[in-house]
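In what follows, a single structure is set out as structure tokens and then discussed.
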Amino acid sequence: MRKRILAANWKMNGSKAMLKPFFDQFFKIIDMSSLSSPQHKLYFGMPYLYLEGARSYILNGKITLSAQNCHWAESGAFTGEISPVMLQDFGINTVIIGHSERRQFFNETEETLDKKLHILKKLNMQVIYCIGESLEQKEAKETLKVLQMQLKTLFTALPNKSDLERVVLAYEPIWAIGTGLAATPEQAQEVHRFIRGTIAEAYDIDSAEKISLLYGGSSNASNIVSLLVQPDIDGFLVGGAALKPEEFGRMWRDLSQTP
Ligand code: PEP
């Protein structure tokens with residue numbers, strides 16, 4: 001059975017002082033035993049600088065910390081960048097890549113993503129790979145074409161089905177991110193089913209059935225349940241609501257109670 005995943009993406013938010021009150025509050029809301037479930041996984045994608053401080057709250061690895069990006073090289077003359085080797089040096093083995101904000105504001109392209117996928121594969125790191133269409137692309141009915149193109153990058157860089165075991169896919173329609181306008185459960189399910197079908201064609205049915213597909217885009221404690229009942233939605237990548245400990249705690253409660 002594939003894993004249910006709730007992944008926070010704090011983006012460029014938070015502070016050193018926020019960590020303790022956030023986790024204290026979050027742990028008060030949830031059932032702590034749910035963090036031991038092998039079927040349910042909780043991730044926190046933190047700004048690089050806070051990863052080390054957040055380590056005090058991961059309860060011996062019951063929670064996974066992730067970076068929100070990394071460079072494609074192991075080291076070198078790339079001023080201001082962080083390499084995946086450096087992340088591993090700090091015990092971080094998971095990275096979000098391809099987030100639409102990186103694509104939109106930081107020139108992340110299919111080419112740079114290809115290089116990142118290669119290095120992350122080489123280092124045996126886990127990838128949360130984001131894909132999604134813009135409002136213009138949606139209105140031009142190009143959603144599936146855009147997703148196919150973005151998925152091709154993943155399939156080309158990671159051609160073996162065993163490579164997929166370290167990948168979590170997040171479908172994040174750009175028009176839903178941070179807008180308060182989440183995709184409807186039916187819209188999200190339709191796209192997730194398409195993604196799973198595309199993975200089955202590229203690898204096989206077994207791989208498609210095993211991979212966790214997350215939805216991202218204005219998910220919150222009020223809409224998570226209706227999305228979770230969709231057969232191809234396995235979890236969420238969460239921005240805004242993941243900065244609110246009570247709300248994120250309620251989301252985890254709902255997700256961790258869903259088989
Ligand atoms: C995100 O940026 O990954 C995201 C899903 O943001 P939000 O939940 O705020 O829409």
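Order determines the names: the first chain of the structure tokens is A, the second B, and so forth; residues in each chain are numbered 1 upward, and ligands are numbered 1 upward as they are shown.
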
Where does DSSP see strand (DSSP E) in stretch 8-197 of chain A, if you list the residues as a PyMOL selection string? chain A and resi 8-9+40-45+63-66+94-97+126-131+167-171

List as a VMD selection string the protein and nucleic acid residues lying within 10 Å of ligand 1, with only C-alpha atoms and all ligand atoms counted. chain A and resid 7 to 11 45 68 96 99 to 101 130 170 to 182 214 to 220 236 to 243

Within 9 Å of stretch 104-124 of chain A, which residues of stretch 137-242 of chain A show up? Give each one with its shortest atom-to-atom distance in Å (one decimal) and the two atoms involved, counting only C-alpha atoms, rows by chain then rising residue number, as a tab-separated table.
residue	atom	partner	partner_atom	distance
A:Met149	CA	A:Glu110	CA	8.7
A:Gln150	CA	A:Glu110	CA	7.0
A:Thr153	CA	A:Asp114	CA	6.0
A:Leu154	CA	A:Asp114	CA	7.1
A:Thr156	CA	A:Asp114	CA	8.0
A:Ala157	CA	A:Asp114	CA	5.8
A:Leu158	CA	A:Leu117	CA	7.4
A:Asp163	CA	A:Lys121	CA	7.3
A:Arg166	CA	A:Asn124	CA	7.8

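Atom to atom, atom CA of A:Ser66 and atom CA of A:Val127 stand 9.2 Å apart.
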
Name the closest residue to A:Asp234 among the candidates A:Glu74, A:Glu139, A:Leu164, A:His40; distances are taken between atoms, counting only C-alpha atoms. A:His40

Need the shell around A:Ala188: protein/DNA/RNA residues with any atom at most 8 Å away, counting only C-alpha atoms. Skip same-chain ones fewer than 3 positions apart. Format as number ranges by chain? A: 183-185, 191-192, 215, 227, 233

Coordinates-based distance that separates atom CA of A:Ile63 from atom CA of A:Ala208 (Å, one decimal): 24.9 Å

Find the spatial neighbours of stretch 26-35 of chain A, counting only C-alpha atoms, within a cut-off of 12 Å - ignore same-chain residues fewer than 3 positions away - and output them as a PyMOL selection string. chain A and resi 4-6+18-23+38-43+57-64+242-259

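Distances from A:Leu147, A:Leu51, A:Ala73, A:Ile195 to A:Gly14 were compared using only C-alpha atoms, and the smallest one belongs to A:Leu51.
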
Could you pull out the alpha helix (DSSP H) residues of stretch 84-158 of chain A from DSSP and send them as a VMD selection string? chain A and resid 84 to 89 100 to 105 110 to 122 135 to 139 143 to 157
